[in-house]
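To keep things clear, I will list the structure first and then write my remarks on it.
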Amino acid sequence: MSTPDLLHGLLTAPGTPGHEEAPAAVWREAAQEFADDVSLDPVGNSVARVNGSSDHPLLAVIGHIDEIGLLVSHISDKGFLHVVQTGGWDPQILVGQRVEVLTRSGPVSGVVGRKPIHVLEPDERKKAVELKGLHVDIAVRDEEEARALVREGDPIVIATEPVELRGDRLVSRALDNRLGVYVALEVARRVSQAGGGVGPVAGVAAVQEEIGSHGARTMAYGLEPDLAVVVDVTHATDAPGVTAGELGEHGLGSGPVITRGAIVSRPLNDLLDAAAEAAGIECTTEAAGSSTRTDADVVHMSRTGVPTAVVSIPLRYMHSPVEIVELADVEAVIAVIAGMALRLEADQKLTRW
């Protein structure tokens, strides 16, 4: 299975929290091919709506389109860039990476530098790297030359391209969570191709999840969905050092992961289970005793409450430039959610009990 063109386009368009315009434009352009309405709200959320035979129930399928990154916080007198993170980077991963500073005039290439191991003191070698000990080198001579190119507040992303691996597996940065917005749009597309459902289906590319689900909060208030499925990634438990335990058992190739627990809707999960069984797709479970750490945490509390489910895709090496997914899992998630959308009824019971 080769990487779909849309997914490749999403992965190669940089977009940190608050700066998601490039991948959002790719997403909306693809949505124009089939959606009955494509919109962009003031916060930056994109919505692609496919009409149903009636106005309800309105299903929102939600992914978040932002990726973790860095921001320029200070430019030194020698032209080195000091940074803060926007989203959860492990500083150990940043050492030695090639990066792009996303300026208003275009990308500026650089590298993440730190003191070489040769000049580290013995006690420094034993300590974990901290972000304040790193800098971005854009190969300038001084602050004046640097300021002609970049300024404080400019976002930074890792400079890397998607690579197809063996076994229909894909490695890339930003699979968390361009996968989710890809799924959301493909679900809407397949419902449209099937002639629509009873109610509308809205694919959503929400912004700023990595810094607090800000986009999903405002989107849910404005869209007023009757029910929602949040699509995100979860830790694949088949990699060394990552065991099932609290996570549940789901490696690459194990299919959709359905969250069960406190805030998610049991009736909606039952619908997902029925759709998966009808399609012959096996699913695994992730338990969430309280929050899910996804956009579902704010969507389910919107207005008087929105029955919400979370379907995740197993992913290795989350929040790194070498995240790995198996494309068959992505396809299975699309099939299950689209199948559920087409099984909804006009008087669908949505209350928790």
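Ligands are numbered from 1 in the order shown, chains are lettered A, B, ... in the order of the structure tokens, and residues start at 1 in each chain.
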Filtered DSSP result for segment 17-229 of chain A, state strand (DSSP E), as a CSV table (one decimal) with all heavy atoms, in the first residue's frame:
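As written to disk, selection_13.csv reads:
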```
chain,number,residue,atom,x,y,z
A,37,ASP,N,-20.1,21.5,1.8
A,37,ASP,CA,-19.7,22.8,2.3
A,37,ASP,C,-18.4,22.7,3.0
A,37,ASP,O,-18.1,21.7,3.7
A,37,ASP,CB,-20.8,23.3,3.3
A,37,ASP,CG,-20.4,24.7,3.9
A,37,ASP,OD1,-20.4,25.7,3.2
A,37,ASP,OD2,-20.0,24.7,5.1
A,38,VAL,N,-17.5,23.6,2.7
A,38,VAL,CA,-16.2,23.6,3.3
A,38,VAL,C,-16.0,25.0,4.0
A,38,VAL,O,-16.2,26.0,3.3
A,38,VAL,CB,-15.0,23.4,2.3
A,38,VAL,CG1,-13.7,23.4,3.0
A,38,VAL,CG2,-15.3,22.0,1.6
A,39,SER,N,-15.6,25.0,5.3
A,39,SER,CA,-15.5,26.3,6.0
A,39,SER,C,-14.3,26.4,6.8
A,39,SER,O,-13.7,25.4,7.2
A,39,SER,CB,-16.8,26.5,6.8
A,39,SER,OG,-16.9,25.5,7.8
A,40,LEU,N,-13.9,27.6,7.2
A,40,LEU,CA,-12.8,27.9,8.0
A,40,LEU,C,-13.3,28.9,9.1
A,40,LEU,O,-13.8,30.0,8.7
A,40,LEU,CB,-11.7,28.5,7.2
A,40,LEU,CG,-10.4,29.0,7.9
A,40,LEU,CD1,-9.7,27.9,8.6
A,40,LEU,CD2,-9.5,29.8,7.0
A,46,SER,N,-11.0,23.8,10.3
A,46,SER,CA,-11.6,23.6,9.0
A,46,SER,C,-12.6,22.5,9.1
A,46,SER,O,-12.4,21.5,9.8
A,46,SER,CB,-10.5,23.1,8.0
A,46,SER,OG,-9.5,24.1,7.9
A,47,VAL,N,-13.7,22.7,8.5
A,47,VAL,CA,-14.9,21.7,8.5
A,47,VAL,C,-15.3,21.4,7.1
A,47,VAL,O,-15.6,22.3,6.3
A,47,VAL,CB,-16.0,22.3,9.3
A,47,VAL,CG1,-17.2,21.3,9.3
A,47,VAL,CG2,-15.6,22.6,10.8
A,48,ALA,N,-15.4,20.1,6.8
A,48,ALA,CA,-16.0,19.7,5.5
A,48,ALA,C,-17.3,18.9,5.8
A,48,ALA,O,-17.2,17.8,6.4
A,48,ALA,CB,-15.0,18.8,4.8
A,49,ARG,N,-18.4,19.4,5.3
A,49,ARG,CA,-19.7,18.9,5.6
A,49,ARG,C,-20.3,18.1,4.4
A,49,ARG,O,-20.3,18.6,3.3
A,49,ARG,CB,-20.6,20.0,6.1
A,49,ARG,CG,-22.0,19.5,6.5
A,49,ARG,CD,-22.8,20.7,7.0
A,49,ARG,NE,-24.2,20.4,7.3
A,49,ARG,CZ,-24.7,20.6,8.5
A,49,ARG,NH1,-24.0,21.1,9.5
A,49,ARG,NH2,-26.0,20.2,8.8
A,50,VAL,N,-20.8,16.9,4.7
A,50,VAL,CA,-21.5,16.2,3.7
A,50,VAL,C,-22.9,16.0,4.2
A,50,VAL,O,-23.2,15.5,5.3
A,50,VAL,CB,-20.9,14.8,3.5
A,50,VAL,CG1,-21.8,13.9,2.6
A,50,VAL,CG2,-19.5,14.9,2.9
A,59,LEU,N,-23.0,14.1,12.8
A,59,LEU,CA,-21.8,13.4,13.3
A,59,LEU,C,-20.5,14.2,12.9
A,59,LEU,O,-20.3,14.5,11.7
A,59,LEU,CB,-21.7,12.0,12.7
A,59,LEU,CG,-20.3,11.3,12.9
A,59,LEU,CD1,-20.0,11.0,14.3
A,59,LEU,CD2,-20.3,10.0,12.0
A,60,ALA,N,-19.7,14.6,13.9
A,60,ALA,CA,-18.4,15.2,13.7
A,60,ALA,C,-17.3,14.2,13.8
A,60,ALA,O,-17.3,13.5,14.8
A,60,ALA,CB,-18.2,16.4,14.6
A,61,VAL,N,-16.5,14.0,12.8
A,61,VAL,CA,-15.3,13.2,12.9
A,61,VAL,C,-14.1,14.1,13.0
A,61,VAL,O,-13.9,14.9,12.0
A,61,VAL,CB,-15.2,12.2,11.7
A,61,VAL,CG1,-14.0,11.3,11.9
A,61,VAL,CG2,-16.5,11.4,11.6
A,62,ILE,N,-13.4,14.1,14.1
A,62,ILE,CA,-12.4,15.1,14.4
A,62,ILE,C,-11.0,14.6,14.5
A,62,ILE,O,-10.7,13.7,15.3
A,62,ILE,CB,-12.8,15.8,15.8
A,62,ILE,CG1,-14.3,16.3,15.7
A,62,ILE,CG2,-11.9,16.9,16.1
A,62,ILE,CD1,-14.9,16.5,17.1
A,63,GLY,N,-10.1,15.2,13.8
A,63,GLY,CA,-8.7,15.0,14.0
A,63,GLY,C,-8.1,16.4,14.3
A,63,GLY,O,-8.7,17.4,14.0
A,64,HIS,N,-6.8,16.4,14.8
A,64,HIS,CA,-6.2,17.7,15.0
A,64,HIS,C,-5.0,17.8,14.0
A,64,HIS,O,-4.3,16.9,13.8
A,64,HIS,CB,-5.7,17.9,16.5
A,64,HIS,CG,-4.5,17.1,16.9
A,64,HIS,ND1,-3.2,17.5,16.7
A,64,HIS,CD2,-4.5,16.0,17.6
A,64,HIS,CE1,-2.4,16.6,17.2
A,64,HIS,NE2,-3.1,15.7,17.8
A,69,GLY,N,6.3,21.6,17.8
A,69,GLY,CA,7.4,22.3,17.2
A,69,GLY,C,8.1,23.2,18.2
A,69,GLY,O,8.0,22.9,19.4
A,70,LEU,N,8.9,24.1,17.7
A,70,LEU,CA,9.6,25.1,18.6
A,70,LEU,C,9.3,26.5,18.1
A,70,LEU,O,8.7,26.7,17.0
A,70,LEU,CB,11.1,24.8,18.4
A,70,LEU,CG,11.6,23.5,18.8
A,70,LEU,CD1,13.1,23.3,18.3
A,70,LEU,CD2,11.5,23.2,20.3
A,71,LEU,N,9.6,27.5,19.0
A,71,LEU,CA,9.4,28.9,18.6
A,71,LEU,C,10.7,29.6,19.0
A,71,LEU,O,11.3,29.3,20.0
A,71,LEU,CB,8.3,29.5,19.4
A,71,LEU,CG,6.8,29.1,19.1
A,71,LEU,CD1,5.9,29.8,20.1
A,71,LEU,CD2,6.5,29.4,17.7
A,72,VAL,N,11.1,30.5,18.1
A,72,VAL,CA,12.3,31.3,18.4
A,72,VAL,C,11.9,32.3,19.6
A,72,VAL,O,11.0,33.0,19.5
A,72,VAL,CB,12.7,32.2,17.2
A,72,VAL,CG1,13.9,33.1,17.5
A,72,VAL,CG2,13.0,31.3,16.0
A,73,SER,N,12.7,32.2,20.6
A,73,SER,CA,12.5,33.0,21.8
A,73,SER,C,13.5,34.2,22.0
A,73,SER,O,13.2,35.2,22.6
A,73,SER,CB,12.5,32.2,23.1
A,73,SER,OG,13.8,31.5,23.3
A,74,HIS,N,14.7,34.0,21.4
A,74,HIS,CA,15.8,35.0,21.6
A,74,HIS,C,16.8,34.8,20.5
A,74,HIS,O,17.1,33.7,20.1
A,74,HIS,CB,16.4,34.9,22.9
A,74,HIS,CG,17.6,35.8,23.1
A,74,HIS,ND1,17.5,37.1,23.2
A,74,HIS,CD2,19.0,35.5,23.2
A,74,HIS,CE1,18.7,37.7,23.4
A,74,HIS,NE2,19.6,36.7,23.4
A,75,ILE,N,17.4,35.9,20.0
A,75,ILE,CA,18.4,35.9,19.0
A,75,ILE,C,19.7,36.5,19.7
A,75,ILE,O,19.7,37.6,20.1
A,75,ILE,CB,18.1,36.7,17.7
A,75,ILE,CG1,16.8,36.1,17.1
A,75,ILE,CG2,19.2,36.6,16.7
A,75,ILE,CD1,16.2,36.9,16.0
A,81,LEU,N,19.9,31.1,17.6
A,81,LEU,CA,18.5,31.2,18.0
A,81,LEU,C,18.3,30.3,19.3
A,81,LEU,O,18.6,29.1,19.3
A,81,LEU,CB,17.6,30.7,16.9
A,81,LEU,CG,17.8,31.3,15.5
A,81,LEU,CD1,16.8,30.7,14.5
A,81,LEU,CD2,17.9,32.8,15.5
A,82,HIS,N,17.7,30.9,20.3
A,82,HIS,CA,17.3,30.2,21.5
A,82,HIS,C,15.8,30.0,21.3
A,82,HIS,O,15.1,30.7,20.6
A,82,HIS,CB,17.6,31.0,22.7
A,82,HIS,CG,19.1,31.2,23.0
A,82,HIS,ND1,19.8,30.2,23.6
A,82,HIS,CD2,19.9,32.1,22.6
A,82,HIS,CE1,21.1,30.6,23.6
A,82,HIS,NE2,21.2,31.8,23.0
A,83,VAL,N,15.3,28.9,21.9
A,83,VAL,CA,13.9,28.4,21.5
A,83,VAL,C,13.2,28.0,22.8
A,83,VAL,O,13.7,27.7,23.8
A,83,VAL,CB,14.0,27.2,20.5
A,83,VAL,CG1,14.6,27.6,19.2
A,83,VAL,CG2,14.7,26.0,21.1
A,84,VAL,N,11.8,28.0,22.6
A,84,VAL,CA,10.9,27.3,23.5
A,84,VAL,C,10.1,26.3,22.7
A,84,VAL,O,10.0,26.4,21.5
A,84,VAL,CB,10.0,28.4,24.2
A,84,VAL,CG1,10.8,29.3,25.1
A,84,VAL,CG2,9.2,29.1,23.2
A,85,GLN,N,9.5,25.4,23.4
A,85,GLN,CA,8.7,24.4,22.7
A,85,GLN,C,7.3,24.8,22.7
A,85,GLN,O,6.8,25.4,23.6
A,85,GLN,CB,8.9,23.0,23.3
A,85,GLN,CG,8.5,22.8,24.7
A,85,GLN,CD,8.8,21.4,25.2
A,85,GLN,OE1,8.5,20.4,24.4
A,85,GLN,NE2,9.4,21.2,26.3
A,86,THR,N,6.6,24.3,21.6
A,86,THR,CA,5.2,24.5,21.5
A,86,THR,C,4.6,23.1,21.2
A,86,THR,O,4.7,22.6,20.1
A,86,THR,CB,4.8,25.5,20.4
A,86,THR,OG1,3.4,25.5,20.3
A,86,THR,CG2,5.4,25.2,19.0
A,98,ARG,N,18.2,18.5,11.8
A,98,ARG,CA,18.0,19.6,10.8
A,98,ARG,C,16.6,20.2,11.0
A,98,ARG,O,15.7,19.4,11.2
A,98,ARG,CB,18.3,19.1,9.4
A,98,ARG,CG,19.6,18.5,9.2
A,98,ARG,CD,19.9,18.0,7.8
A,98,ARG,NE,21.1,17.3,7.7
A,98,ARG,CZ,21.6,16.9,6.5
A,98,ARG,NH1,21.0,17.1,5.4
A,98,ARG,NH2,22.8,16.3,6.5
A,99,VAL,N,16.5,21.5,10.9
A,99,VAL,CA,15.3,22.1,11.1
A,99,VAL,C,15.0,23.2,10.1
A,99,VAL,O,15.9,23.6,9.3
A,99,VAL,CB,15.2,22.8,12.5
A,99,VAL,CG1,15.4,21.8,13.6
A,99,VAL,CG2,16.3,23.9,12.7
A,100,GLU,N,13.8,23.6,10.0
A,100,GLU,CA,13.4,24.8,9.2
A,100,GLU,C,12.7,25.8,10.1
A,100,GLU,O,11.7,25.5,10.8
A,100,GLU,CB,12.4,24.4,8.1
A,100,GLU,CG,13.1,23.6,6.9
A,100,GLU,CD,12.1,23.4,5.8
A,100,GLU,OE1,10.9,23.5,6.0
A,100,GLU,OE2,12.6,23.2,4.6
A,101,VAL,N,13.1,27.0,10.0
A,101,VAL,CA,12.5,28.2,10.7
A,101,VAL,C,11.4,28.7,9.7
A,101,VAL,O,11.8,29.1,8.5
A,101,VAL,CB,13.4,29.3,11.1
A,101,VAL,CG1,12.7,30.3,11.9
A,101,VAL,CG2,14.6,28.7,11.9
A,102,LEU,N,10.2,28.7,10.1
A,102,LEU,CA,9.1,29.1,9.2
A,102,LEU,C,8.8,30.6,9.3
A,102,LEU,O,8.1,31.1,10.1
A,102,LEU,CB,7.8,28.3,9.5
A,102,LEU,CG,8.1,26.8,9.5
A,102,LEU,CD1,6.8,26.1,9.9
A,102,LEU,CD2,8.6,26.3,8.1
A,103,THR,N,9.5,31.4,8.5
A,103,THR,CA,9.4,32.9,8.5
A,103,THR,C,8.3,33.3,7.6
A,103,THR,O,7.9,32.5,6.7
A,103,THR,CB,10.7,33.6,8.2
A,103,THR,OG1,10.9,33.5,6.8
A,103,THR,CG2,11.9,32.9,8.9
A,106,GLY,N,9.5,32.8,4.1
A,106,GLY,CA,9.8,31.5,3.6
A,106,GLY,C,10.7,30.8,4.6
A,106,GLY,O,11.1,31.4,5.6
A,107,PRO,N,10.9,29.5,4.4
A,107,PRO,CA,11.7,28.7,5.4
A,107,PRO,C,13.2,29.0,5.3
A,107,PRO,O,13.7,29.3,4.3
A,107,PRO,CB,11.4,27.2,4.9
A,107,PRO,CG,11.1,27.3,3.4
A,107,PRO,CD,10.4,28.7,3.3
A,108,VAL,N,13.8,29.0,6.5
A,108,VAL,CA,15.2,29.2,6.7
A,108,VAL,C,15.8,27.9,7.3
A,108,VAL,O,15.3,27.5,8.4
A,108,VAL,CB,15.5,30.4,7.6
A,108,VAL,CG1,17.0,30.5,7.9
A,108,VAL,CG2,15.0,31.7,6.9
A,109,SER,N,16.8,27.3,6.7
A,109,SER,CA,17.3,26.1,7.2
A,109,SER,C,18.3,26.3,8.3
A,109,SER,O,19.0,27.3,8.4
A,109,SER,CB,18.0,25.3,6.0
A,109,SER,OG,17.1,25.0,5.0
A,110,GLY,N,18.4,25.3,9.2
A,110,GLY,CA,19.3,25.4,10.3
A,110,GLY,C,19.5,24.0,10.9
A,110,GLY,O,18.9,23.0,10.5
A,111,VAL,N,20.2,24.0,12.0
A,111,VAL,CA,20.5,22.7,12.8
A,111,VAL,C,20.3,23.0,14.2
A,111,VAL,O,20.6,24.2,14.7
A,111,VAL,CB,21.8,22.1,12.4
A,111,VAL,CG1,21.9,21.7,11.0
A,111,VAL,CG2,23.0,23.0,12.9
A,112,VAL,N,20.0,22.0,15.0
A,112,VAL,CA,20.0,22.1,16.5
A,112,VAL,C,21.3,21.7,17.0
A,112,VAL,O,21.8,20.6,16.7
A,112,VAL,CB,18.9,21.2,17.1
A,112,VAL,CG1,18.9,21.3,18.6
A,112,VAL,CG2,17.5,21.6,16.6
A,113,GLY,N,22.0,22.6,17.7
A,113,GLY,CA,23.3,22.4,18.2
A,113,GLY,C,23.4,22.4,19.7
A,113,GLY,O,22.5,22.9,20.4
A,135,HIS,N,20.5,25.2,21.0
A,135,HIS,CA,20.3,26.4,20.2
A,135,HIS,C,20.1,26.0,18.7
A,135,HIS,O,20.4,24.8,18.4
A,135,HIS,CB,21.4,27.4,20.3
A,135,HIS,CG,22.8,26.8,19.9
A,135,HIS,ND1,23.6,26.1,20.8
A,135,HIS,CD2,23.4,26.7,18.7
A,135,HIS,CE1,24.7,25.7,20.2
A,135,HIS,NE2,24.6,26.0,18.9
A,136,VAL,N,19.6,26.9,17.9
A,136,VAL,CA,19.5,26.6,16.5
A,136,VAL,C,20.5,27.5,15.8
A,136,VAL,O,20.5,28.7,16.0
A,136,VAL,CB,18.0,26.9,16.0
A,136,VAL,CG1,18.0,26.9,14.5
A,136,VAL,CG2,17.0,25.9,16.6
A,137,ASP,N,21.3,26.9,14.9
A,137,ASP,CA,22.3,27.5,14.2
A,137,ASP,C,21.8,27.7,12.7
A,137,ASP,O,21.6,26.7,12.0
A,137,ASP,CB,23.6,26.7,14.3
A,137,ASP,CG,24.8,27.3,13.6
A,137,ASP,OD1,24.6,28.2,12.8
A,137,ASP,OD2,25.9,26.9,14.0
A,155,PRO,N,7.9,30.0,14.1
A,155,PRO,CA,7.9,28.6,14.5
A,155,PRO,C,9.0,27.8,13.8
A,155,PRO,O,9.5,28.2,12.7
A,155,PRO,CB,6.5,28.1,14.0
A,155,PRO,CG,6.2,29.1,12.9
A,155,PRO,CD,6.8,30.4,13.2
A,156,ILE,N,9.4,26.7,14.3
A,156,ILE,CA,10.4,25.8,13.8
A,156,ILE,C,9.9,24.4,13.8
A,156,ILE,O,9.3,23.9,14.8
A,156,ILE,CB,11.7,25.9,14.7
A,156,ILE,CG1,12.2,27.3,14.7
A,156,ILE,CG2,12.8,25.0,14.2
A,156,ILE,CD1,13.3,27.5,15.7
A,157,VAL,N,10.2,23.7,12.7
A,157,VAL,CA,9.9,22.2,12.6
A,157,VAL,C,11.1,21.4,12.2
A,157,VAL,O,12.0,22.0,11.6
A,157,VAL,CB,8.7,21.9,11.6
A,157,VAL,CG1,7.4,22.6,12.1
A,157,VAL,CG2,9.1,22.4,10.2
A,158,ILE,N,11.1,20.1,12.5
A,158,ILE,CA,12.1,19.3,12.1
A,158,ILE,C,12.1,19.1,10.5
A,158,ILE,O,11.0,19.0,10.0
A,158,ILE,CB,12.0,17.9,12.7
A,158,ILE,CG1,12.1,18.0,14.2
A,158,ILE,CG2,13.0,16.9,12.1
A,158,ILE,CD1,13.4,18.4,14.7
A,163,VAL,N,9.0,8.6,4.6
A,163,VAL,CA,9.7,7.5,3.9
A,163,VAL,C,8.8,6.2,4.1
A,163,VAL,O,8.4,5.9,5.2
A,163,VAL,CB,11.1,7.2,4.6
A,163,VAL,CG1,11.7,6.0,3.9
A,163,VAL,CG2,12.0,8.5,4.4
A,164,GLU,N,8.6,5.5,3.0
A,164,GLU,CA,7.9,4.3,3.0
A,164,GLU,C,8.8,3.1,3.4
A,164,GLU,O,9.9,3.0,2.8
A,164,GLU,CB,7.2,4.0,1.7
A,164,GLU,CG,6.1,5.0,1.3
A,164,GLU,CD,5.5,4.7,0.0
A,164,GLU,OE1,5.9,3.8,-0.7
A,164,GLU,OE2,4.5,5.4,-0.4
A,169,ARG,N,4.5,0.1,5.9
A,169,ARG,CA,4.7,1.0,7.0
A,169,ARG,C,5.3,2.3,6.6
A,169,ARG,O,6.1,2.3,5.6
A,169,ARG,CB,5.5,0.3,8.1
A,169,ARG,CG,4.8,-0.8,8.7
A,169,ARG,CD,5.5,-1.6,9.7
A,169,ARG,NE,4.7,-2.6,10.3
A,169,ARG,CZ,5.1,-3.5,11.3
A,169,ARG,NH1,6.3,-3.5,11.7
A,169,ARG,NH2,4.2,-4.4,11.7
A,170,LEU,N,5.0,3.4,7.3
A,170,LEU,CA,5.4,4.7,6.9
A,170,LEU,C,6.0,5.4,8.1
A,170,LEU,O,5.5,5.3,9.2
A,170,LEU,CB,4.1,5.5,6.4
A,170,LEU,CG,4.3,7.0,6.1
A,170,LEU,CD1,5.2,7.1,4.8
A,170,LEU,CD2,3.0,7.7,5.9
A,171,VAL,N,7.2,6.1,7.8
A,171,VAL,CA,7.8,6.9,8.9
A,171,VAL,C,7.8,8.3,8.5
A,171,VAL,O,8.0,8.7,7.3
A,171,VAL,CB,9.3,6.4,9.1
A,171,VAL,CG1,10.1,6.5,7.8
A,171,VAL,CG2,9.9,7.2,10.2
A,172,SER,N,7.5,9.2,9.4
A,172,SER,CA,7.4,10.6,9.2
A,172,SER,C,7.3,11.4,10.5
A,172,SER,O,6.9,10.8,11.5
A,172,SER,CB,6.2,10.9,8.3
A,172,SER,OG,6.1,12.3,8.0
A,201,VAL,N,-22.5,14.4,8.0
A,201,VAL,CA,-21.2,14.1,8.5
A,201,VAL,C,-20.3,15.2,8.3
A,201,VAL,O,-20.2,15.7,7.1
A,201,VAL,CB,-20.7,12.8,7.9
A,201,VAL,CG1,-19.2,12.5,8.3
A,201,VAL,CG2,-21.6,11.6,8.2
A,202,ALA,N,-19.6,15.7,9.3
A,202,ALA,CA,-18.7,16.8,9.2
A,202,ALA,C,-17.3,16.3,9.6
A,202,ALA,O,-17.0,15.9,10.7
A,202,ALA,CB,-19.1,17.9,10.1
A,203,GLY,N,-16.4,16.3,8.6
A,203,GLY,CA,-15.0,16.0,8.9
A,203,GLY,C,-14.4,17.3,9.4
A,203,GLY,O,-14.7,18.4,8.9
A,204,VAL,N,-13.6,17.2,10.5
A,204,VAL,CA,-13.0,18.4,11.1
A,204,VAL,C,-11.5,18.3,11.2
A,204,VAL,O,-11.0,17.2,11.7
A,204,VAL,CB,-13.6,18.6,12.5
A,204,VAL,CG1,-13.0,19.8,13.2
A,204,VAL,CG2,-15.1,18.7,12.5
A,205,ALA,N,-10.8,19.3,10.9
A,205,ALA,CA,-9.4,19.5,11.1
A,205,ALA,C,-9.2,20.6,12.2
A,205,ALA,O,-9.3,21.8,11.9
A,205,ALA,CB,-8.6,19.9,9.8
A,206,ALA,N,-9.1,20.2,13.4
A,206,ALA,CA,-9.0,21.1,14.6
A,206,ALA,C,-7.6,21.5,14.8
A,206,ALA,O,-6.6,20.8,14.6
A,206,ALA,CB,-9.6,20.4,15.8
A,227,LEU,N,-23.2,14.0,17.9
A,227,LEU,CA,-22.3,13.0,18.4
A,227,LEU,C,-21.0,13.2,17.7
A,227,LEU,O,-20.9,13.9,16.6
A,227,LEU,CB,-22.8,11.6,18.1
A,227,LEU,CG,-22.9,11.0,16.7
A,227,LEU,CD1,-23.1,9.5,16.7
A,227,LEU,CD2,-24.1,11.6,16.0
A,228,ALA,N,-19.9,12.7,18.2
A,228,ALA,CA,-18.6,13.0,17.7
A,228,ALA,C,-17.7,11.8,17.9
A,228,ALA,O,-17.8,11.0,18.9
A,228,ALA,CB,-17.9,14.2,18.4
A,229,VAL,N,-16.8,11.6,16.9
A,229,VAL,CA,-15.7,10.6,17.0
A,229,VAL,C,-14.4,11.3,16.8
A,229,VAL,O,-14.2,12.0,15.8
A,229,VAL,CB,-15.8,9.5,15.9
A,229,VAL,CG1,-14.6,8.5,16.1
A,229,VAL,CG2,-17.1,8.7,16.1
```
- Message: When you look at Thr218 of chain A with a cut-off of 9 Å (counting only C-alpha atoms), what residues show up, excluding the ones that are within fewer than 5 positions of it in the same chain? I need them as a ChimeraX atom specification.
- Response: /A:43,45,223,299,302
Just to be explicit: take each residue in the selection above, keep N, CA and C atoms, and write the result as a PDB file, in the first residue's frame.
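Result file is selection_29.pdb:
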```
ATOM      1  N   VAL A  43     -10.712  30.740  14.487  1.00  0.00           N
ATOM      2  CA  VAL A  43      -9.592  30.151  15.218  1.00  0.00           C
ATOM      3  C   VAL A  43      -8.659  29.386  14.284  1.00  0.00           C
ATOM      4  N   ASN A  45      -9.990  26.350  12.629  1.00  0.00           N
ATOM      5  CA  ASN A  45     -10.570  25.027  12.396  1.00  0.00           C
ATOM      6  C   ASN A  45     -11.187  24.953  11.002  1.00  0.00           C
ATOM      7  N   LEU A 223     -20.244  24.262  15.936  1.00  0.00           N
ATOM      8  CA  LEU A 223     -20.828  23.264  15.036  1.00  0.00           C
ATOM      9  C   LEU A 223     -22.048  22.589  15.633  1.00  0.00           C
ATOM     10  N   VAL A 299     -14.562  18.190  23.735  1.00  0.00           N
ATOM     11  CA  VAL A 299     -15.741  18.046  22.878  1.00  0.00           C
ATOM     12  C   VAL A 299     -16.921  17.489  23.662  1.00  0.00           C
ATOM     13  N   SER A 302     -19.062  20.090  25.541  1.00  0.00           N
ATOM     14  CA  SER A 302     -19.562  21.276  24.858  1.00  0.00           C
ATOM     15  C   SER A 302     -21.071  21.444  25.068  1.00  0.00           C
TER      16      SER A 302
END
```
Give me, as a tab-separated table, each residue of segment 31-99 of chain A that comes within 9 Å of segment 189-195 of chain A, together with its shortest interatomic pair and the distance in Å at one decimal, counting only C-alpha atoms, with rows ordered by chain and rising residue number.
```
residue	atom	partner	partner_atom	distance
A:Ala31	CA	A:Arg189	CA	8.0
A:Glu33	CA	A:Arg189	CA	8.9
A:Phe34	CA	A:Arg189	CA	6.5
A:Ala35	CA	A:Arg189	CA	7.3
A:Val50	CA	A:Ser192	CA	6.2
A:Asn51	CA	A:Ser192	CA	8.1
A:Gly52	CA	A:Gly195	CA	8.4
```
- Glu210 of chain A surroundings by only C-alpha atoms, 7 Å radius, close-in-sequence under 2 positions cut, as a list in words: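 Answer for this query is Pro17, Asp66, Ile68, Gly87, Gln208, Gly212 and Ser213 of chain A.
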Output N, CA and C atoms for every residue in the selection just made, as an mmCIF file, in the first residue's frame.
```cif
data_model
loop_
_atom_site.group_PDB
_atom_site.id
_atom_site.type_symbol
_atom_site.label_atom_id
_atom_site.label_comp_id
_atom_site.auth_asym_id
_atom_site.auth_seq_id
_atom_site.Cartn_x
_atom_site.Cartn_y
_atom_site.Cartn_z
ATOM 1 N N PRO A 17 1.210 24.546 16.411
ATOM 2 C CA PRO A 17 0.016 25.170 16.995
ATOM 3 C C PRO A 17 -0.045 26.672 16.748
ATOM 4 N N ASP A 66 -2.506 20.268 14.010
ATOM 5 C CA ASP A 66 -1.242 20.861 14.446
ATOM 6 C C ASP A 66 -0.222 19.781 14.783
ATOM 7 N N ILE A 68 3.741 19.216 16.894
ATOM 8 C CA ILE A 68 4.625 19.838 17.866
ATOM 9 C C ILE A 68 5.778 20.542 17.158
ATOM 10 N N GLY A 87 4.193 22.410 22.266
ATOM 11 C CA GLY A 87 3.910 20.981 22.234
ATOM 12 C C GLY A 87 5.052 20.227 22.895
ATOM 13 N N GLN A 208 -4.534 23.490 17.350
ATOM 14 C CA GLN A 208 -4.019 23.756 18.690
ATOM 15 C C GLN A 208 -4.336 22.671 19.726
ATOM 16 N N GLY A 212 -3.535 22.296 24.266
ATOM 17 C CA GLY A 212 -4.711 22.371 25.120
ATOM 18 C C GLY A 212 -6.055 22.226 24.454
ATOM 19 N N SER A 213 -6.112 21.657 23.247
ATOM 20 C CA SER A 213 -7.392 21.391 22.562
ATOM 21 C C SER A 213 -8.234 22.657 22.368
#
```
- Query: Quick one: distance from atom CA of Val183 of chain A to atom CA of Ile334 of chain A in Å, one decimal?
  - Reply: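 Atom CA of Ile334 of chain A lies at a distance of 5.6 Å from atom CA of Val183 of chain A.
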- Query: Which residues, written as a PyMOL selection string, have at least one atom at most 10 Å from segment 255-262 of chain A, with only C-alpha atoms counted and residues fewer than 3 positions away on the same chain left out?
  - Reply: chain A and resi 231-234+248-252+265-266+269+272-273+276+281-292+309-314+326-337
- Task: Write out as a PyMOL selection string the residues lying within 10 Å of Ser54 of chain A, counting only C-alpha atoms and excluding same-chain residues fewer than 6 positions away.
- Result: chain A and resi 197-200+346
